[in-house]
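Q: Contents of structure09.pdb (PDB, C-alpha atoms):
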ATOM      1  CA  MET X 828       3.024  22.840 -34.281
ATOM      2  CA  PHE X 829       4.627  20.737 -31.590
ATOM      3  CA  SER X 830       1.710  21.374 -29.243
ATOM      4  CA  SER X 831      -0.778  20.036 -31.804
ATOM      5  CA  ILE X 832       1.337  16.880 -32.227
ATOM      6  CA  ARG X 833       1.375  16.349 -28.451
ATOM      7  CA  HIS X 834      -2.408  16.695 -28.204
ATOM      8  CA  ALA X 835      -2.884  14.199 -31.003
ATOM      9  CA  VAL X 836      -0.607  11.617 -29.315
ATOM     10  CA  ALA X 837      -2.444  12.038 -25.997
ATOM     11  CA  ARG X 838      -5.838  11.484 -27.638
ATOM     12  CA  ALA X 839      -4.601   8.324 -29.388
ATOM     13  CA  SER X 840      -3.292   6.862 -26.109
ATOM     14  CA  LEU X 841      -6.625   7.502 -24.347
ATOM     15  CA  ARG X 842      -8.511   5.769 -27.146
ATOM     16  CA  ARG X 843      -6.249   2.716 -26.843
ATOM     17  CA  VAL X 844      -6.850   2.466 -23.061
ATOM     18  CA  ALA X 845     -10.621   2.676 -23.562
ATOM     19  CA  ASN X 846     -10.506   0.005 -26.245
ATOM     20  CA  VAL X 847      -8.502  -2.318 -24.000
ATOM     21  CA  ARG X 848     -11.015  -1.886 -21.160
ATOM     22  CA  THR X 849     -13.962  -2.658 -23.411
ATOM     23  CA  LEU X 850     -12.207  -5.699 -24.844
ATOM     24  CA  THR X 851     -11.391  -7.123 -21.384
ATOM     25  CA  ASP X 852     -14.932  -6.520 -20.124
ATOM     26  CA  SER X 853     -16.492  -8.201 -23.156
ATOM     27  CA  ALA X 854     -14.095 -11.157 -22.874
ATOM     28  CA  ALA X 855     -14.995 -11.667 -19.231
ATOM     29  CA  ALA X 856     -18.716 -11.574 -19.999
ATOM     30  CA  ASP X 857     -18.328 -14.165 -22.769
ATOM     31  CA  ALA X 858     -16.362 -16.469 -20.436
ATOM     32  CA  LEU X 859     -19.088 -16.303 -17.786
ATOM     33  CA  LYS X 860     -21.800 -17.137 -20.327
ATOM     34  CA  GLU X 861     -19.871 -20.187 -21.500
ATOM     35  CA  ALA X 862     -19.116 -21.441 -17.962
ATOM     36  CA  GLY X 863     -22.647 -21.113 -16.656
ATOM     37  CA  PRO X 864     -24.162 -19.909 -13.353
ATOM     38  CA  ASP X 865     -22.804 -22.838 -11.293
ATOM     39  CA  SER X 866     -19.189 -21.817 -11.688
ATOM     40  CA  PHE X 867     -20.064 -18.238 -10.805
ATOM     41  CA  SER X 868     -21.677 -19.289  -7.512
ATOM     42  CA  ALA X 869     -18.711 -21.541  -6.660
ATOM     43  CA  ALA X 870     -16.337 -18.654  -7.254
ATOM     44  CA  GLU X 871     -18.363 -16.442  -4.964
ATOM     45  CA  LYS X 872     -18.183 -19.059  -2.186
ATOM     46  CA  SER X 873     -14.425 -19.491  -2.531
ATOM     47  CA  VAL X 874     -13.744 -15.747  -2.346
ATOM     48  CA  PRO X 875     -14.430 -14.276   1.125
ATOM     49  CA  SER X 876     -16.696 -11.255   1.122
ATOM     50  CA  SER X 877     -15.217  -7.994   2.257
ATOM     51  CA  SER X 878     -18.392  -7.103   4.160
ATOM     52  CA  GLN X 879     -17.672  -9.679   6.905
ATOM     53  CA  PRO X 880     -15.742  -8.110   9.816
ATOM     54  CA  PRO X 881     -12.329  -9.588  10.620
ATOM     55  CA  ALA X 882     -12.046 -11.871  13.613
ATOM     56  CA  ALA X 883     -11.261  -9.990  16.802
ATOM     57  CA  LEU X 884      -7.807 -10.622  18.182
ATOM     58  CA  SER X 885      -7.584 -11.944  21.702
ATOM     59  CA  THR X 886      -6.114  -9.770  24.422
ATOM     60  CA  SER X 887      -3.401 -12.339  25.074
ATOM     61  CA  ALA X 888      -2.135 -12.052  21.503
ATOM     62  CA  ILE X 889      -1.685  -8.310  21.860
ATOM     63  CA  ALA X 890       1.529  -7.596  23.735
ATOM     64  CA  ARG X 891       0.860  -4.672  26.018
ATOM     65  CA  PRO X 892       3.879  -2.747  27.302
ATOM     66  CA  LYS X 893       4.235  -3.128  31.044
ATOM     67  CA  ALA X 894       4.419   0.013  33.108
ATOM     68  CA  THR X 895       7.947  -0.092  34.472
ATOM     69  CA  GLU X 896       8.673   2.034  37.509
ATOM     70  CA  ALA X 897      11.700   4.255  37.499
ATOM     71  CA  PRO X 898      14.563   2.627  39.445
ATOM     72  CA  ILE X 899      15.508   4.263  42.719
ATOM     73  CA  ILE X 900      19.120   5.386  42.596
ATOM     74  CA  HIS X 901      20.805   6.366  45.854
ATOM     75  CA  ILE X 902      23.395   8.925  44.872
ATOM     76  CA  PRO X 903      25.955   9.465  47.632
ATOM     77  CA  PRO X 904      27.242  12.971  48.279
ATOM     78  CA  ALA X 905      30.423  14.088  46.561
ATOM     79  CA  GLU X 906      32.140  14.332  49.957
ATOM     80  CA  ASP X 907      30.747  13.443  53.358
ATOM     81  CA  PRO X 908      30.939  16.382  55.814
ATOM     82  CA  LEU X 909      31.967  14.136  58.716
ATOM     83  CA  LEU X 910      34.818  12.517  56.783
ATOM     84  CA  ASN X 911      35.858  15.938  55.511
ATOM     85  CA  LEU X 912      36.119  17.252  59.080
ATOM     86  CA  PHE X 913      37.974  14.152  60.253
ATOM     87  CA  THR X 914      40.457  14.528  57.382
ATOM     88  CA  ASN X 915      41.062  18.149  58.331
ATOM     89  CA  CYS X 916      41.701  17.155  61.951
ATOM     90  CA  ILE X 917      44.341  14.531  61.136
ATOM     91  CA  MET X 918      46.001  16.558  58.356
ATOM     92  CA  LYS X 919      49.565  17.696  59.051
ATOM     93  CA  HIS X 920      51.634  20.267  57.172
ATOM     94  CA  GLY X 921      48.902  20.735  54.580
ATOM     95  CA  LYS X 922      49.227  17.176  53.187
ATOM     96  CA  ARG X 923      45.559  16.530  52.587
ATOM     97  CA  GLN X 924      46.000  13.579  50.226
ATOM     98  CA  GLU X 925      47.861  11.612  52.882
ATOM     99  CA  ALA X 926      45.161  12.471  55.418
ATOM    100  CA  ALA X 927      42.439  11.347  52.988
ATOM    101  CA  ARG X 928      44.242   8.037  52.437
ATOM    102  CA  ALA X 929      44.477   7.550  56.210
ATOM    103  CA  THR X 930      40.725   8.172  56.512
ATOM    104  CA  SER X 931      40.001   5.582  53.817
ATOM    105  CA  LYS X 932      42.255   3.046  55.507
ATOM    106  CA  MET X 933      40.516   3.679  58.837
ATOM    107  CA  LEU X 934      37.138   2.909  57.253
ATOM    108  CA  LEU X 935      38.627  -0.217  55.695
ATOM    109  CA  HIS X 936      39.874  -1.415  59.103
ATOM    110  CA  ILE X 937      36.458  -0.752  60.665
ATOM    111  CA  HIS X 938      34.850  -2.865  57.939
ATOM    112  CA  ALA X 939      37.427  -5.634  58.482
ATOM    113  CA  PHE X 940      36.814  -5.680  62.249
ATOM    114  CA  THR X 941      33.002  -5.511  62.188
ATOM    115  CA  LYS X 942      32.002  -6.955  58.767
ATOM    116  CA  ALA X 943      29.505  -4.076  58.430
ATOM    117  CA  PRO X 944      29.303  -0.746  56.579
ATOM    118  CA  PRO X 945      31.961   1.458  58.187
ATOM    119  CA  LEU X 946      30.460   4.929  57.780
ATOM    120  CA  PRO X 947      27.339   4.381  59.973
ATOM    121  CA  ILE X 948      29.559   2.845  62.668
ATOM    122  CA  PHE X 949      31.948   5.785  62.578
ATOM    123  CA  ARG X 950      29.053   8.254  62.678
ATOM    124  CA  GLN X 951      27.473   6.500  65.676
ATOM    125  CA  ALA X 952      30.797   6.558  67.530
ATOM    126  CA  ILE X 953      31.156  10.300  66.960
ATOM    127  CA  VAL X 954      27.603  10.923  68.211
ATOM    128  CA  THR X 955      28.280   8.801  71.308
ATOM    129  CA  ALA X 956      31.538  10.585  72.148
ATOM    130  CA  ALA X 957      30.391  14.152  71.384
ATOM    131  CA  PRO X 958      29.880  16.328  74.511
ATOM    132  CA  LEU X 959      26.983  18.726  74.860
ATOM    133  CA  LEU X 960      29.056  21.555  76.328
ATOM    134  CA  ARG X 961      32.475  22.554  77.530
ATOM    135  CA  CYS X 962      33.580  24.038  80.831
ATOM    136  CA  ARG X 963      35.608  27.208  80.718
ATOM    137  CA  GLN X 964      37.771  27.742  83.796
ATOM    138  CA  PHE X 965      39.434  30.892  85.069
ATOM    139  CA  LYS X 966      40.738  32.281  88.359
ATOM    140  CA  ARG X 967      39.631  35.383  90.198
ATOM    141  CA  ALA X 968      40.991  36.458  93.573
ATOM    142  CA  ALA X 969      42.673  33.102  94.149
ATOM    143  CA  LYS X 970      39.412  31.313  93.391
ATOM    144  CA  GLN X 971      38.702  28.902  90.523
ATOM    145  CA  TYR X 972      35.551  29.524  88.533
ATOM    146  CA  VAL X 973      33.946  27.139  86.050
ATOM    147  CA  PHE X 974      31.608  28.511  83.405
ATOM    148  CA  PRO X 975      29.694  25.872  81.325
ATOM    149  CA  MET X 976      29.203  26.865  77.680
ATOM    150  CA  PRO X 977      27.029  25.013  75.135
ATOM    151  CA  LEU X 978      28.545  23.783  71.853
ATOM    152  CA  ASN X 979      27.073  23.752  68.402
ATOM    153  CA  GLU X 980      27.039  20.638  66.217
ATOM    154  CA  ARG X 981      30.375  21.263  64.511
ATOM    155  CA  GLN X 982      32.125  22.024  67.809
ATOM    156  CA  ARG X 983      30.721  18.877  69.382
ATOM    157  CA  THR X 984      31.868  16.758  66.435
ATOM    158  CA  ARG X 985      35.341  18.250  66.423
ATOM    159  CA  GLN X 986      35.747  17.743  70.189
ATOM    160  CA  ALA X 987      34.728  14.084  69.845
ATOM    161  CA  ILE X 988      37.222  13.572  67.011
ATOM    162  CA  MET X 989      40.056  15.153  68.990
ATOM    163  CA  TRP X 990      39.301  12.979  72.020
ATOM    164  CA  ILE X 991      39.249   9.844  69.856
ATOM    165  CA  LEU X 992      42.547  10.763  68.194
ATOM    166  CA  LYS X 993      44.198  11.407  71.554
ATOM    167  CA  ALA X 994      42.875   8.179  73.082
ATOM    168  CA  SER X 995      43.954   6.131  70.058
ATOM    169  CA  ASP X 996      47.621   6.666  70.905
ATOM    170  CA  GLY X 997      47.348   4.005  73.619
ATOM    171  CA  LYS X 998      45.741   1.421  71.336
ATOM    172  CA  GLY X 999      47.604  -1.451  69.742
ATOM    173  CA  GLY X1000      48.495  -1.247  66.095
ATOM    174  CA  LYS X1001      51.462  -0.376  63.950
ATOM    175  CA  HIS X1002      49.734   2.253  61.828
ATOM    176  CA  ALA X1003      47.566   5.188  62.866
ATOM    177  CA  PRO X1004      44.464   4.236  60.798
ATOM    178  CA  GLU X1005      44.293   0.879  62.567
ATOM    179  CA  ARG X1006      44.522   2.565  65.974
ATOM    180  CA  PHE X1007      41.763   4.987  64.973
ATOM    181  CA  ALA X1008      39.523   2.079  63.965
ATOM    182  CA  ARG X1009      40.148   0.214  67.236
ATOM    183  CA  GLU X1010      39.313   3.316  69.254
ATOM    184  CA  VAL X1011      36.078   3.875  67.308
ATOM    185  CA  ILE X1012      34.968   0.320  68.065
ATOM    186  CA  ALA X1013      35.952   0.767  71.731
ATOM    187  CA  VAL X1014      33.742   3.874  71.936
ATOM    188  CA  LEU X1015      30.753   1.895  70.704
ATOM    189  CA  LYS X1016      31.455  -0.888  73.188
ATOM    190  CA  GLY X1017      31.800   1.624  76.059
ATOM    191  CA  ASP X1018      35.373   0.601  76.896
ATOM    192  CA  SER X1019      37.032   3.839  75.811
ATOM    193  CA  GLN X1020      38.429   6.621  77.957
ATOM    194  CA  VAL X1021      36.516   9.069  75.785
ATOM    195  CA  ILE X1022      33.221   8.052  77.398
ATOM    196  CA  LYS X1023      34.623   8.622  80.886
ATOM    197  CA  GLN X1024      36.029  11.999  79.859
ATOM    198  CA  LYS X1025      32.643  13.041  78.485
ATOM    199  CA  GLU X1026      30.890  12.037  81.702
ATOM    200  CA  GLU X1027      33.395  14.018  83.780
ATOM    201  CA  VAL X1028      32.778  17.149  81.719
ATOM    202  CA  HIS X1029      29.018  16.787  82.141
ATOM    203  CA  LYS X1030      29.326  16.218  85.898
ATOM    204  CA  LEU X1031      31.511  19.313  86.257
ATOM    205  CA  ALA X1032      28.989  21.356  84.282
ATOM    206  CA  VAL X1033      26.107  20.156  86.480
ATOM    207  CA  LEU X1034      28.112  20.984  89.608
ATOM    208  CA  HIS X1035      28.646  24.581  88.454
ATOM    209  CA  ARG X1036      25.285  25.059  86.776
ATOM    210  CA  GLY X1037      24.648  28.130  88.931
ATOM    211  CA  ASN X1038      27.233  30.072  86.969
ATOM    212  CA  VAL X1039      25.109  29.736  83.832
ATOM    213  CA  VAL X1040      22.311  31.878  85.314
ATOM    214  CA  ARG X1041      24.672  34.445  86.883
ATOM    215  CA  PRO X1042      28.069  34.169  85.284
ATOM    216  CA  PRO X1043      30.878  35.652  87.374
ATOM    217  CA  ARG X1044      32.728  38.708  86.213
ATOM    218  CA  VAL X1045      35.707  37.703  84.131
ATOM    219  CA  PRO X1046      38.871  39.744  84.653
ATOM    220  CA  LYS X1047      40.513  41.354  81.637
ATOM    221  CA  SER X1048      43.603  39.171  81.989
ATOM    222  CA  ASN X1049      41.533  36.002  81.476
ATOM    223  CA  ARG X1050      39.361  37.249  78.602
ATOM    224  CA  GLY X1051      39.919  35.930  75.146
TER     225      GLY X1051
END
What's the C-alpha coordinates form of this structure?

A:
Amino acid sequence: MFSSIRHAVARASLRRVANVRTLTDSAAADALKEAGPDSFSAAEKSVPSSSQPPAALSTSAIARPKATEAPIIHIPPAEDPLLNLFTNCIMKHGKRQEAARATSKMLLHIHAFTKAPPLPIFRQAIVTAAPLLRCRQFKRAAKQYVFPMPLNERQRTRQAIMWILKASDGKGGKHAPERFAREVIAVLKGDSQVIKQKEEVHKLAVLHRGNVVRPPRVPKSNRG
(Lines of atoms letter the chains of each structure in order from A and count residues from 1; the text may use other names and numbers.)
(Lines give C-alpha, C1' and ligand atoms only; values in the text may rest on other atoms or scores of the structure.)
Protein backbone atom coordinates (compact mmCIF):
# COMPACT_ATOMS: atom_id res chain seq x y z
CA MET A 1 0.00 0.00 0.00
CA PHE A 2 2.66 2.48 1.02
CA SER A 3 4.77 1.58 -2.00
CA SER A 4 1.90 2.37 -4.38
CA ILE A 5 1.43 5.77 -2.69
CA ARG A 6 5.14 6.54 -3.11
CA HIS A 7 5.07 5.66 -6.81
CA ALA A 8 2.06 7.88 -7.34
CA VAL A 9 3.74 10.87 -5.63
CA ALA A 10 6.90 10.40 -7.71
CA ARG A 11 4.93 10.35 -10.97
CA ALA A 12 3.06 13.54 -10.01
CA SER A 13 6.32 15.38 -9.25
CA LEU A 14 7.82 14.37 -12.62
CA ARG A 15 4.74 15.63 -14.44
CA ARG A 16 5.01 19.00 -12.66
CA VAL A 17 8.69 19.39 -13.67
CA ALA A 18 7.87 18.61 -17.31
CA ASN A 19 5.01 21.09 -17.29
CA VAL A 20 7.24 23.82 -15.86
CA ARG A 21 9.87 23.21 -18.56
CA THR A 22 7.31 23.40 -21.35
CA LEU A 23 5.81 26.57 -19.90
CA THR A 24 9.21 28.31 -19.64
CA ASP A 25 10.19 27.28 -23.17
CA SER A 26 6.91 28.52 -24.63
CA ALA A 27 7.18 31.81 -22.71
CA ALA A 28 10.67 32.41 -24.03
CA ALA A 29 9.58 31.73 -27.61
CA ASP A 30 6.67 34.17 -27.31
CA ALA A 31 8.99 36.88 -25.92
CA LEU A 32 11.38 36.49 -28.85
CA LYS A 33 8.55 36.76 -31.38
CA GLU A 34 7.33 39.97 -29.79
CA ALA A 35 10.81 41.54 -29.57
CA GLY A 36 11.82 40.79 -33.14
CA PRO A 37 15.05 39.59 -34.79
CA ASP A 38 17.00 42.81 -34.07
CA SER A 39 17.01 42.30 -30.32
CA PHE A 40 18.08 38.70 -30.78
CA SER A 41 21.12 39.71 -32.84
CA ALA A 42 22.06 42.42 -30.32
CA ALA A 43 21.91 39.87 -27.52
CA GLU A 44 24.17 37.54 -29.44
CA LYS A 45 26.74 40.32 -29.90
CA SER A 46 26.71 41.27 -26.22
CA VAL A 47 27.24 37.69 -25.05
CA PRO A 48 30.74 36.36 -25.87
CA SER A 49 30.76 33.04 -27.69
CA SER A 50 32.27 30.11 -25.89
CA SER A 51 33.94 28.89 -29.09
CA GLN A 52 36.54 31.71 -29.01
CA PRO A 53 39.72 30.63 -27.18
CA PRO A 54 40.72 32.63 -24.10
CA ALA A 55 43.54 35.11 -24.44
CA ALA A 56 46.92 33.57 -23.72
CA LEU A 57 48.55 34.78 -20.55
CA SER A 58 51.97 36.34 -20.86
CA THR A 59 54.97 34.58 -19.38
CA SER A 60 55.66 37.55 -17.13
CA ALA A 61 52.25 37.23 -15.49
CA ILE A 62 52.93 33.62 -14.56
CA ALA A 63 55.14 33.50 -11.48
CA ARG A 64 57.57 30.66 -11.97
CA PRO A 65 59.26 29.28 -8.86
CA LYS A 66 62.98 29.94 -8.93
CA ALA A 67 65.29 27.00 -8.52
CA THR A 68 66.95 27.70 -5.20
CA GLU A 69 70.20 25.90 -4.49
CA ALA A 70 70.63 24.14 -1.20
CA PRO A 71 72.70 26.29 1.20
CA ILE A 72 76.16 25.02 2.03
CA ILE A 73 76.45 24.42 5.76
CA HIS A 74 79.91 23.91 7.23
CA ILE A 75 79.36 21.69 10.23
CA PRO A 76 82.38 21.71 12.55
CA PRO A 77 83.40 18.47 14.24
CA ALA A 78 82.07 17.72 17.70
CA GLU A 79 85.62 17.94 19.09
CA ASP A 80 88.80 18.83 17.25
CA PRO A 81 91.48 16.12 17.60
CA LEU A 82 94.28 18.67 18.01
CA LEU A 83 92.49 20.55 20.79
CA ASN A 84 91.59 17.25 22.42
CA LEU A 85 95.26 16.21 22.50
CA PHE A 86 96.35 19.62 23.78
CA THR A 87 93.75 19.42 26.57
CA ASN A 88 95.03 16.00 27.57
CA CYS A 89 98.60 17.30 27.70
CA ILE A 90 97.83 20.22 30.02
CA MET A 91 95.37 18.29 32.21
CA LYS A 92 96.47 17.72 35.81
CA HIS A 93 94.99 15.37 38.39
CA GLY A 94 92.21 14.34 36.03
CA LYS A 95 90.58 17.82 35.99
CA ARG A 96 89.60 17.89 32.35
CA GLN A 97 87.07 20.71 32.61
CA GLU A 98 89.73 23.09 33.91
CA ALA A 99 92.07 22.01 31.11
CA ALA A 100 89.32 22.58 28.52
CA ARG A 101 88.68 26.07 29.89
CA ALA A 102 92.41 26.82 29.68
CA THR A 103 92.42 25.69 26.04
CA SER A 104 89.48 27.97 25.24
CA LYS A 105 91.17 30.91 26.94
CA MET A 106 94.37 30.24 24.98
CA LEU A 107 92.43 30.41 21.70
CA LEU A 108 90.78 33.61 22.89
CA HIS A 109 94.19 35.19 23.61
CA ILE A 110 95.48 34.14 20.18
CA HIS A 111 92.47 35.82 18.58
CA ALA A 112 93.02 38.96 20.68
CA PHE A 113 96.71 39.16 19.69
CA THR A 114 96.32 38.43 15.97
CA LYS A 115 92.72 39.50 15.13
CA ALA A 116 92.38 36.27 13.10
CA PRO A 117 90.78 32.84 13.54
CA PRO A 118 92.78 31.15 16.31
CA LEU A 119 92.51 27.48 15.35
CA PRO A 120 94.37 27.71 11.98
CA ILE A 121 97.12 29.71 13.68
CA PHE A 122 97.47 27.15 16.45
CA ARG A 123 97.50 24.30 13.93
CA GLN A 124 100.20 25.99 11.83
CA ALA A 125 102.35 26.54 14.93
CA ILE A 126 102.10 22.86 15.86
CA VAL A 127 103.07 21.80 12.32
CA THR A 128 106.04 24.19 12.38
CA ALA A 129 107.31 22.96 15.76
CA ALA A 130 106.72 19.22 15.20
CA PRO A 131 109.95 17.20 14.68
CA LEU A 132 110.22 14.43 12.12
CA LEU A 133 112.08 12.03 14.41
CA ARG A 134 113.66 11.61 17.80
CA CYS A 135 117.15 10.52 18.76
CA ARG A 136 117.46 7.68 21.21
CA GLN A 137 120.75 7.66 23.10
CA PHE A 138 122.41 4.87 25.05
CA LYS A 139 125.90 3.89 26.20
CA ARG A 140 127.86 0.79 25.35
CA ALA A 141 131.42 0.13 26.50
CA ALA A 142 131.89 3.73 27.64
CA LYS A 143 130.70 4.97 24.26
CA GLN A 144 127.61 7.07 23.51
CA TYR A 145 125.39 5.87 20.69
CA VAL A 146 122.60 7.84 19.03
CA PHE A 147 119.87 5.98 17.18
CA PRO A 148 117.43 8.18 15.14
CA MET A 149 113.84 6.89 15.15
CA PRO A 150 110.98 8.25 13.01
CA LEU A 151 107.76 9.47 14.66
CA ASN A 152 104.20 9.07 13.55
CA GLU A 153 101.79 12.00 13.31
CA ARG A 154 100.44 11.76 16.85
CA GLN A 155 103.93 11.47 18.35
CA ARG A 156 105.12 14.48 16.37
CA THR A 157 102.14 16.55 17.51
CA ARG A 158 102.55 15.58 21.14
CA GLN A 159 106.29 16.38 21.09
CA ALA A 160 105.58 19.82 19.61
CA ILE A 161 102.95 20.51 22.28
CA MET A 162 105.29 19.48 25.10
CA TRP A 163 108.06 21.71 23.75
CA ILE A 164 105.67 24.66 23.48
CA LEU A 165 104.39 24.13 27.02
CA LYS A 166 107.92 23.94 28.40
CA ALA A 167 109.07 27.04 26.50
CA SER A 168 106.01 29.02 27.58
CA ASP A 169 107.22 29.08 31.19
CA GLY A 170 109.69 31.84 30.28
CA LYS A 171 107.08 34.01 28.56
CA GLY A 172 105.44 37.02 30.16
CA GLY A 173 101.92 36.72 31.43
CA LYS A 174 100.12 36.15 34.69
CA HIS A 175 98.06 33.17 33.56
CA ALA A 176 99.12 30.02 31.73
CA PRO A 177 96.71 30.38 28.75
CA GLU A 178 98.20 33.79 27.94
CA ARG A 179 101.73 32.37 28.06
CA PHE A 180 100.67 29.51 25.77
CA ALA A 181 99.25 32.00 23.27
CA ARG A 182 102.41 34.14 23.30
CA GLU A 183 104.58 31.08 22.70
CA VAL A 184 102.40 29.94 19.79
CA ILE A 185 102.78 33.33 18.12
CA ALA A 186 106.54 33.27 18.79
CA VAL A 187 106.78 29.89 17.02
CA LEU A 188 105.14 31.33 13.93
CA LYS A 189 107.45 34.34 13.98
CA GLY A 190 110.53 32.09 14.38
CA ASP A 191 111.60 33.67 17.68
CA SER A 192 110.92 30.65 19.87
CA GLN A 193 113.39 28.24 21.42
CA VAL A 194 111.25 25.41 20.09
CA ILE A 195 112.48 26.04 16.54
CA LYS A 196 116.11 25.90 17.65
CA GLN A 197 115.48 22.70 19.60
CA LYS A 198 113.89 21.09 16.55
CA GLU A 199 116.85 22.03 14.36
CA GLU A 200 119.29 20.57 16.90
CA VAL A 201 117.43 17.26 16.93
CA HIS A 202 117.48 17.10 13.13
CA LYS A 203 121.19 17.94 12.98
CA LEU A 204 121.99 15.23 15.52
CA ALA A 205 119.95 12.72 13.52
CA VAL A 206 121.79 13.63 10.29
CA LEU A 207 125.14 13.30 12.07
CA HIS A 208 124.31 9.75 13.21
CA ARG A 209 122.38 8.68 10.13
CA GLY A 210 124.70 5.69 9.71
CA ASN A 211 123.13 4.03 12.73
CA VAL A 212 119.80 3.85 10.90
CA VAL A 213 121.19 1.43 8.29
CA ARG A 214 123.15 -0.67 10.82
CA PRO A 215 121.85 0.00 14.29
CA PRO A 216 124.29 -0.93 17.05
CA ARG A 217 123.54 -3.75 19.41
CA VAL A 218 121.66 -2.46 22.41
CA PRO A 219 122.62 -3.98 25.76
CA LYS A 220 119.90 -5.52 27.91
CA SER A 221 120.36 -2.90 30.61
CA ASN A 222 119.42 -0.10 28.19
CA ARG A 223 116.47 -1.83 26.51
CA GLY A 224 112.99 -0.66 27.22

Q: If I take atom CA of Ile937 of chain X and atom CA of Ser1019 of chain X, how far is one from the other in Å, to one decimal?

A: 15.8 Å

Q: Since I can't run it myself right now, could you work out what the PyMOL selection byres ((chain X and resi 996-1003) around 12) selects here and report it as a PyMOL selection string?

A: chain X and resi 917+925-926+928-933+936+989-995+1004-1013+1018-1020

Q: Taking all atoms listed in the file into account, name the residue in X:Val954, X:Phe974, X:Thr984, X:Phe949 that is nearest to Gly1037 of chain X.

A: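 Among X:Val954, X:Phe974, X:Thr984, X:Phe949, it is X:Phe974 that comes nearest to Gly1037 of chain X.
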
Q: Ranking X:Glu980, X:Met918, X:Leu960, X:Ile988 by minimum distance to Arg1036 of chain X and counting only C-alpha atoms, which one comes first?

A: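 Closest to Arg1036 of chain X, using only C-alpha atoms: X:Leu960.
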
Q: If you count all atoms listed in the file, which residues fall within 10 Å of Gln982 of chain X, apart from same-chain ones fewer than 2 positions away, as an mmCIF file with C-alpha atoms, in the coordinates of the input?

A:
data_model
loop_
_atom_site.group_PDB
_atom_site.id
_atom_site.type_symbol
_atom_site.label_atom_id
_atom_site.label_comp_id
_atom_site.auth_asym_id
_atom_site.auth_seq_id
_atom_site.Cartn_x
_atom_site.Cartn_y
_atom_site.Cartn_z
ATOM 1 C CA ALA X 957 30.391 14.152 71.384
ATOM 2 C CA PRO X 958 29.880 16.328 74.511
ATOM 3 C CA LEU X 959 26.983 18.726 74.860
ATOM 4 C CA LEU X 960 29.056 21.555 76.328
ATOM 5 C CA ARG X 961 32.475 22.554 77.530
ATOM 6 C CA PRO X 977 27.029 25.013 75.135
ATOM 7 C CA LEU X 978 28.545 23.783 71.853
ATOM 8 C CA ASN X 979 27.073 23.752 68.402
ATOM 9 C CA GLU X 980 27.039 20.638 66.217
ATOM 10 C CA THR X 984 31.868 16.758 66.435
ATOM 11 C CA ARG X 985 35.341 18.250 66.423
ATOM 12 C CA GLN X 986 35.747 17.743 70.189
ATOM 13 C CA ALA X 987 34.728 14.084 69.845
ATOM 14 C CA ILE X 988 37.222 13.572 67.011
#

Q: Report, in Å to a single decimal, how far apart atom CA of Thr955 of chain X and atom CA of Leu910 of chain X are.

A: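 One can read the atom CA of Leu910 of chain X to atom CA of Thr955 of chain X distance as 16.4 Å.
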
Q: Nearest to Gln1024 of chain X among X:Lys919, X:Asn911, X:Ala956, X:Gln951, with distances taken over only C-alpha atoms: which residue is it?

A: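 Closest candidate: X:Ala956.
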
Q: For atom CA of Leu1034 of chain X and atom CA of Gly1017 of chain X, quote the distance in Å rounded to one decimal.

A: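 Result for atom CA of Leu1034 of chain X versus atom CA of Gly1017 of chain X: 23.9 Å, one decimal.
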
Q: With only C-alpha atoms as the basis for distance, which of X:Val1014, X:Cys962, X:Leu934, X:Ile953 is at the shortest distance from Arg981 of chain X?

A: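 Selected residue with least distance to Arg981 of chain X: X:Ile953.
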
Q: Identify which of the residues X:His938, X:Arg950, X:Leu1031, X:Arg963 lies closest to Phe913 of chain X, counting only C-alpha atoms when measuring atom-to-atom distances.

A: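 Smallest separation from Phe913 of chain X among the options: X:Arg950.
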
Q: For each of X:Lys942, X:Gly921, X:Tyr972, X:Arg983, take the minimum atom-to-atom distance to Leu909 of chain X, counting only C-alpha atoms, then give the residue where this is smallest.

A: X:Arg983
